[in-house]
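Here's the structure, in structure tokens; my notes come after.
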Amino acid sequence: MEIVTRFAPSPNGPLHLGHAFAAIVAHDLAQAAGGRFLLRIEDIDGPRSRAELGDEFRRDLEWLGLEWEEVPAQSTRLDSYTAAAQRLRERGLLYPCICTRREIEAAATRKGPEGPVYPGTCKRRAIDPALPAALRLDVEKALAVTGQLFWMDELAGKQVADAAAGGDVVIVRKDLPASYHLAATLDDAADGSTLVTRGADLFHATHVHRLIQALLDLPVPRWHHHRLLLDEKGRKLAKRRGSPALSDRREAGEDGLMLARQLRLQHLPSGT
């Protein structure tokens, strides 16, 4: 089977060293196997998505010495998200939710991988269809359809899918046609990704994605959840924390090929 990996940044802020490491991991795994490395721009985050950043991302990848094939951005795929959500809704697997984050935090009785676990408040009450609502996956009902599922991580080995750990996740957001869980899963299938590479912080999300694949009869790839780059306080690099941008390094004349070599050798300039 041909190895097809992808790097899928969101244009809501500049790329940083963590993104560079993720792109290099995906690129090198594909290259070593004679496969394909794809670039997909995940640009459906409403007003936070900035179209001009796509060109910055391409310049950053070129600066690092990477070569890729570009596939359609998420903003061109909205119909596929709507159609998939409709299939799930027709099977009675989605329900509307109008709860705010504060209400969920107050009502939650346990924590999951992404924080307080939604307790299913709206699953037990009638929702005015005129109100803006997210659509949540009824995980218990979905698992009754699929039965036990498994997935394979190249570093951690075979996993039993535990989609219930995070509760009933959002599939369609109030303000957007799809959540990360739905959009990324559909896109990886459409692009023919056979090895999904991403940071270890998204390991828990794969349990949900495996469930979505089973419900929508999508192909099942393998996964590779790599280590994260951390800052001097031991936190993962993040746009919201103002982690130094690759574009600033590039424009300052830093050698991108040398930086890529350092990252490949695990000489991590921002922590371990």
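Chain labels run A, B, ... following the order of the structure tokens; each chain numbers its residues from 1, and ligands are numbered from 1 in the order shown.
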Near-Phe57 (chain A) list (8 Å; only C-alpha atoms; drop same-chain fewer than 3 positions) as a VMD selection string: chain A and resid 14 to 15 53 to 54 60 to 61
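Within 12 Å of Gly115 (chain A), once only C-alpha atoms are used and residues closer than 2 positions along the same chain are dropped, the contacting residues are Arg101, Ile104, Glu105, Ala108, Thr109, Arg110, Lys111, Gly112, Pro113, Val117, Tyr118, Ala165, Gly166, Gly167, Val169 and His204 of chain A.
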**Q.** All strand (DSSP E or B) residues (DSSP, backbone) inside region 60-166 of chain A, as a PyMOL selection string
**A.** chain A and resi 69-70+94-97+111-112+115-116+134-137+150-153+157-160
>> Run DSSP on the backbone and tell me which residues of region 170-207 of chain A come out as helix (DSSP H, G or I); list them as a ChimeraX atom specification.
In response: /A:180-190,200-207
Next, dump the selected residues to file, keeping only N, CA, C and O atoms, as a JSON list (two decimals), in the first residue's frame.
[["chain", "number", "residue", "atom", "x", "y", "z"],
["A", 180, "TYR", "N", -13.78, 19.77, 14.00],
["A", 180, "TYR", "CA", -12.50, 19.17, 13.59],
["A", 180, "TYR", "C", -12.68, 17.67, 13.40],
["A", 180, "TYR", "O", -12.16, 17.10, 12.43],
["A", 181, "HIS", "N", -13.39, 17.02, 14.32],
["A", 181, "HIS", "CA", -13.54, 15.57, 14.25],
["A", 181, "HIS", "C", -14.14, 15.12, 12.92],
["A", 181, "HIS", "O", -13.63, 14.18, 12.28],
["A", 182, "LEU", "N", -15.20, 15.76, 12.49],
["A", 182, "LEU", "CA", -15.85, 15.35, 11.25],
["A", 182, "LEU", "C", -15.03, 15.75, 10.03],
["A", 182, "LEU", "O", -14.79, 14.93, 9.13],
["A", 183, "ALA", "N", -14.60, 17.01, 9.98],
["A", 183, "ALA", "CA", -13.91, 17.51, 8.80],
["A", 183, "ALA", "C", -12.60, 16.77, 8.54],
["A", 183, "ALA", "O", -12.33, 16.33, 7.42],
["A", 184, "ALA", "N", -11.77, 16.61, 9.57],
["A", 184, "ALA", "CA", -10.48, 15.96, 9.38],
["A", 184, "ALA", "C", -10.65, 14.50, 8.95],
["A", 184, "ALA", "O", -9.90, 14.00, 8.10],
["A", 185, "THR", "N", -11.64, 13.82, 9.53],
["A", 185, "THR", "CA", -11.86, 12.42, 9.18],
["A", 185, "THR", "C", -12.31, 12.27, 7.74],
["A", 185, "THR", "O", -11.81, 11.41, 7.00],
["A", 186, "LEU", "N", -13.24, 13.10, 7.31],
["A", 186, "LEU", "CA", -13.71, 13.05, 5.93],
["A", 186, "LEU", "C", -12.60, 13.44, 4.96],
["A", 186, "LEU", "O", -12.43, 12.82, 3.90],
["A", 187, "ASP", "N", -11.83, 14.46, 5.31],
["A", 187, "ASP", "CA", -10.77, 14.93, 4.42],
["A", 187, "ASP", "C", -9.69, 13.87, 4.23],
["A", 187, "ASP", "O", -9.19, 13.65, 3.12],
["A", 188, "ASP", "N", -9.29, 13.23, 5.33],
["A", 188, "ASP", "CA", -8.25, 12.21, 5.21],
["A", 188, "ASP", "C", -8.70, 11.07, 4.30],
["A", 188, "ASP", "O", -7.91, 10.52, 3.53],
["A", 189, "ALA", "N", -9.99, 10.72, 4.38],
["A", 189, "ALA", "CA", -10.51, 9.68, 3.50],
["A", 189, "ALA", "C", -10.52, 10.15, 2.05],
["A", 189, "ALA", "O", -10.11, 9.43, 1.13],
["A", 190, "ALA", "N", -11.00, 11.38, 1.83],
["A", 190, "ALA", "CA", -11.09, 11.91, 0.47],
["A", 190, "ALA", "C", -9.71, 12.05, -0.18],
["A", 190, "ALA", "O", -9.56, 11.85, -1.39],
["A", 200, "ALA", "N", 1.12, 14.04, 19.58],
["A", 200, "ALA", "CA", 0.60, 13.15, 20.61],
["A", 200, "ALA", "C", -0.58, 13.76, 21.35],
["A", 200, "ALA", "O", -1.39, 13.05, 21.95],
["A", 201, "ASP", "N", -0.74, 15.09, 21.29],
["A", 201, "ASP", "CA", -1.87, 15.74, 21.96],
["A", 201, "ASP", "C", -3.20, 15.39, 21.28],
["A", 201, "ASP", "O", -4.27, 15.59, 21.88],
["A", 202, "LEU", "N", -3.16, 14.85, 20.07],
["A", 202, "LEU", "CA", -4.38, 14.47, 19.36],
["A", 202, "LEU", "C", -4.62, 12.96, 19.38],
["A", 202, "LEU", "O", -5.51, 12.47, 18.69],
["A", 203, "PHE", "N", -3.85, 12.26, 20.19],
["A", 203, "PHE", "CA", -4.01, 10.80, 20.27],
["A", 203, "PHE", "C", -5.45, 10.45, 20.65],
["A", 203, "PHE", "O", -6.07, 9.56, 20.05],
["A", 204, "HIS", "N", -6.01, 11.15, 21.63],
["A", 204, "HIS", "CA", -7.38, 10.84, 22.09],
["A", 204, "HIS", "C", -8.42, 11.07, 21.01],
["A", 204, "HIS", "O", -9.44, 10.40, 20.97],
["A", 205, "ALA", "N", -8.17, 12.02, 20.11],
["A", 205, "ALA", "CA", -9.14, 12.33, 19.05],
["A", 205, "ALA", "C", -9.30, 11.15, 18.10],
["A", 205, "ALA", "O", -10.37, 10.97, 17.49],
["A", 206, "THR", "N", -8.26, 10.34, 17.96],
["A", 206, "THR", "CA", -8.31, 9.23, 17.03],
["A", 206, "THR", "C", -9.36, 8.20, 17.42],
["A", 206, "THR", "O", -9.94, 7.53, 16.56],
["A", 207, "HIS", "N", -9.64, 8.06, 18.70],
["A", 207, "HIS", "CA", -10.70, 7.14, 19.13],
["A", 207, "HIS", "C", -12.04, 7.56, 18.51],
["A", 207, "HIS", "O", -12.81, 6.72, 18.04]]
So that I can see what lies close to Pro221 (chain A), please list as a ChimeraX atom specification the residues with an atom at most 9 Å from it, counting only C-alpha atoms and leaving out residues fewer than 6 positions away in the same chain. /A:151-152,188-189,192-196
Using all heavy atoms, can you write the selected residues to a file as a PDB file, in the first residue's frame?
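Ended up saving to part.pdb:
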ATOM      1  N   TRP A 151      -7.770   0.459  16.275  1.00  0.00           N
ATOM      2  CA  TRP A 151      -6.952   1.216  15.338  1.00  0.00           C
ATOM      3  C   TRP A 151      -5.483   1.014  15.688  1.00  0.00           C
ATOM      4  O   TRP A 151      -5.146   0.571  16.789  1.00  0.00           O
ATOM      5  CB  TRP A 151      -7.319   2.697  15.312  1.00  0.00           C
ATOM      6  CG  TRP A 151      -7.271   3.431  16.625  1.00  0.00           C
ATOM      7  CD1 TRP A 151      -8.241   3.480  17.588  1.00  0.00           C
ATOM      8  CD2 TRP A 151      -6.204   4.261  17.105  1.00  0.00           C
ATOM      9  NE1 TRP A 151      -7.838   4.265  18.641  1.00  0.00           N
ATOM     10  CE2 TRP A 151      -6.608   4.771  18.375  1.00  0.00           C
ATOM     11  CE3 TRP A 151      -4.969   4.628  16.584  1.00  0.00           C
ATOM     12  CZ2 TRP A 151      -5.799   5.622  19.131  1.00  0.00           C
ATOM     13  CZ3 TRP A 151      -4.154   5.478  17.336  1.00  0.00           C
ATOM     14  CH2 TRP A 151      -4.577   5.962  18.598  1.00  0.00           C
ATOM     15  N   MET A 152      -4.613   1.307  14.720  1.00  0.00           N
ATOM     16  CA  MET A 152      -3.189   1.015  14.880  1.00  0.00           C
ATOM     17  C   MET A 152      -2.361   2.294  14.825  1.00  0.00           C
ATOM     18  O   MET A 152      -2.446   3.070  13.868  1.00  0.00           O
ATOM     19  CB  MET A 152      -2.720   0.063  13.778  1.00  0.00           C
ATOM     20  CG  MET A 152      -1.254  -0.324  13.884  1.00  0.00           C
ATOM     21  SD  MET A 152      -0.858  -1.249  15.380  1.00  0.00           S
ATOM     22  CE  MET A 152      -1.675  -2.822  15.016  1.00  0.00           C
ATOM     23  N   ASP A 188      -9.292  13.226   5.326  1.00  0.00           N
ATOM     24  CA  ASP A 188      -8.254  12.208   5.211  1.00  0.00           C
ATOM     25  C   ASP A 188      -8.701  11.066   4.302  1.00  0.00           C
ATOM     26  O   ASP A 188      -7.914  10.518   3.529  1.00  0.00           O
ATOM     27  CB  ASP A 188      -7.871  11.676   6.594  1.00  0.00           C
ATOM     28  CG  ASP A 188      -7.032  12.661   7.390  1.00  0.00           C
ATOM     29  OD1 ASP A 188      -6.367  13.516   6.763  1.00  0.00           O
ATOM     30  OD2 ASP A 188      -7.021  12.574   8.633  1.00  0.00           O
ATOM     31  N   ALA A 189      -9.987  10.725   4.383  1.00  0.00           N
ATOM     32  CA  ALA A 189     -10.508   9.678   3.501  1.00  0.00           C
ATOM     33  C   ALA A 189     -10.524  10.153   2.048  1.00  0.00           C
ATOM     34  O   ALA A 189     -10.106   9.433   1.133  1.00  0.00           O
ATOM     35  CB  ALA A 189     -11.909   9.277   3.949  1.00  0.00           C
ATOM     36  N   GLY A 192      -7.114  10.214   0.445  1.00  0.00           N
ATOM     37  CA  GLY A 192      -6.403   8.947   0.359  1.00  0.00           C
ATOM     38  C   GLY A 192      -5.256   8.820   1.338  1.00  0.00           C
ATOM     39  O   GLY A 192      -4.304   8.070   1.092  1.00  0.00           O
ATOM     40  N   SER A 193      -5.338   9.530   2.473  1.00  0.00           N
ATOM     41  CA  SER A 193      -4.278   9.434   3.478  1.00  0.00           C
ATOM     42  C   SER A 193      -4.243   8.023   4.053  1.00  0.00           C
ATOM     43  O   SER A 193      -5.256   7.524   4.542  1.00  0.00           O
ATOM     44  CB  SER A 193      -4.509  10.447   4.601  1.00  0.00           C
ATOM     45  OG  SER A 193      -4.494  11.765   4.107  1.00  0.00           O
ATOM     46  N   THR A 194      -3.089   7.398   4.010  1.00  0.00           N
ATOM     47  CA  THR A 194      -2.954   6.041   4.548  1.00  0.00           C
ATOM     48  C   THR A 194      -2.186   6.021   5.865  1.00  0.00           C
ATOM     49  O   THR A 194      -2.235   5.031   6.588  1.00  0.00           O
ATOM     50  CB  THR A 194      -2.235   5.128   3.552  1.00  0.00           C
ATOM     51  OG1 THR A 194      -0.916   5.634   3.308  1.00  0.00           O
ATOM     52  CG2 THR A 194      -3.008   5.045   2.236  1.00  0.00           C
ATOM     53  N   LEU A 195      -1.475   7.113   6.167  1.00  0.00           N
ATOM     54  CA  LEU A 195      -0.762   7.241   7.428  1.00  0.00           C
ATOM     55  C   LEU A 195      -0.993   8.652   7.946  1.00  0.00           C
ATOM     56  O   LEU A 195      -0.438   9.618   7.419  1.00  0.00           O
ATOM     57  CB  LEU A 195       0.736   6.979   7.241  1.00  0.00           C
ATOM     58  CG  LEU A 195       1.601   7.082   8.495  1.00  0.00           C
ATOM     59  CD1 LEU A 195       1.170   6.064   9.548  1.00  0.00           C
ATOM     60  CD2 LEU A 195       3.077   6.900   8.158  1.00  0.00           C
ATOM     61  N   VAL A 196      -1.840   8.771   8.957  1.00  0.00           N
ATOM     62  CA  VAL A 196      -2.194  10.075   9.514  1.00  0.00           C
ATOM     63  C   VAL A 196      -1.186  10.421  10.599  1.00  0.00           C
ATOM     64  O   VAL A 196      -1.144   9.780  11.654  1.00  0.00           O
ATOM     65  CB  VAL A 196      -3.625  10.072  10.075  1.00  0.00           C
ATOM     66  CG1 VAL A 196      -3.933  11.409  10.739  1.00  0.00           C
ATOM     67  CG2 VAL A 196      -4.628   9.775   8.966  1.00  0.00           C
TER      68      VAL A 196
END
TODO: Find the residues around region 26-37 of chain A up to 12 Å (only C-alpha atoms counted), leave out those fewer than 3 positions away in its own chain, and share them as a PyMOL selection string.
DONE: chain A and resi 1-8+19-23+40+61+64-71+154+191-199+223-226+260-261+263-264
Task: Contacts of Glu140 (chain A) at 10 Å (only C-alpha atoms; same-chain gap of 6+ positions) as a list in words - done: Leu93, Ala163, Ala164, Gly167 and Asp168 of chain A
9 Å contact set for Asp162 (chain A), only C-alpha atoms, chain neighbours under 6 positions out, as number ranges by chain
A: 148-150, 204, 207-208, 211
Across A:Gln262, A:Ser10, A:Gln86, A:Gln74, the smallest distance to Val172 (chain A), with only C-alpha atoms counted, is shown by A:Gln86
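Rounded to one decimal, CA of Leu38 (chain A) and CA of Glu62 (chain A) lie 13.5 Å from each other.
In this comparison, which uses only C-alpha atoms, the residue of A:Cys122, A:Ile127, A:Leu88, A:Leu215 approaching Val145 (chain A) most closely is A:Leu215.
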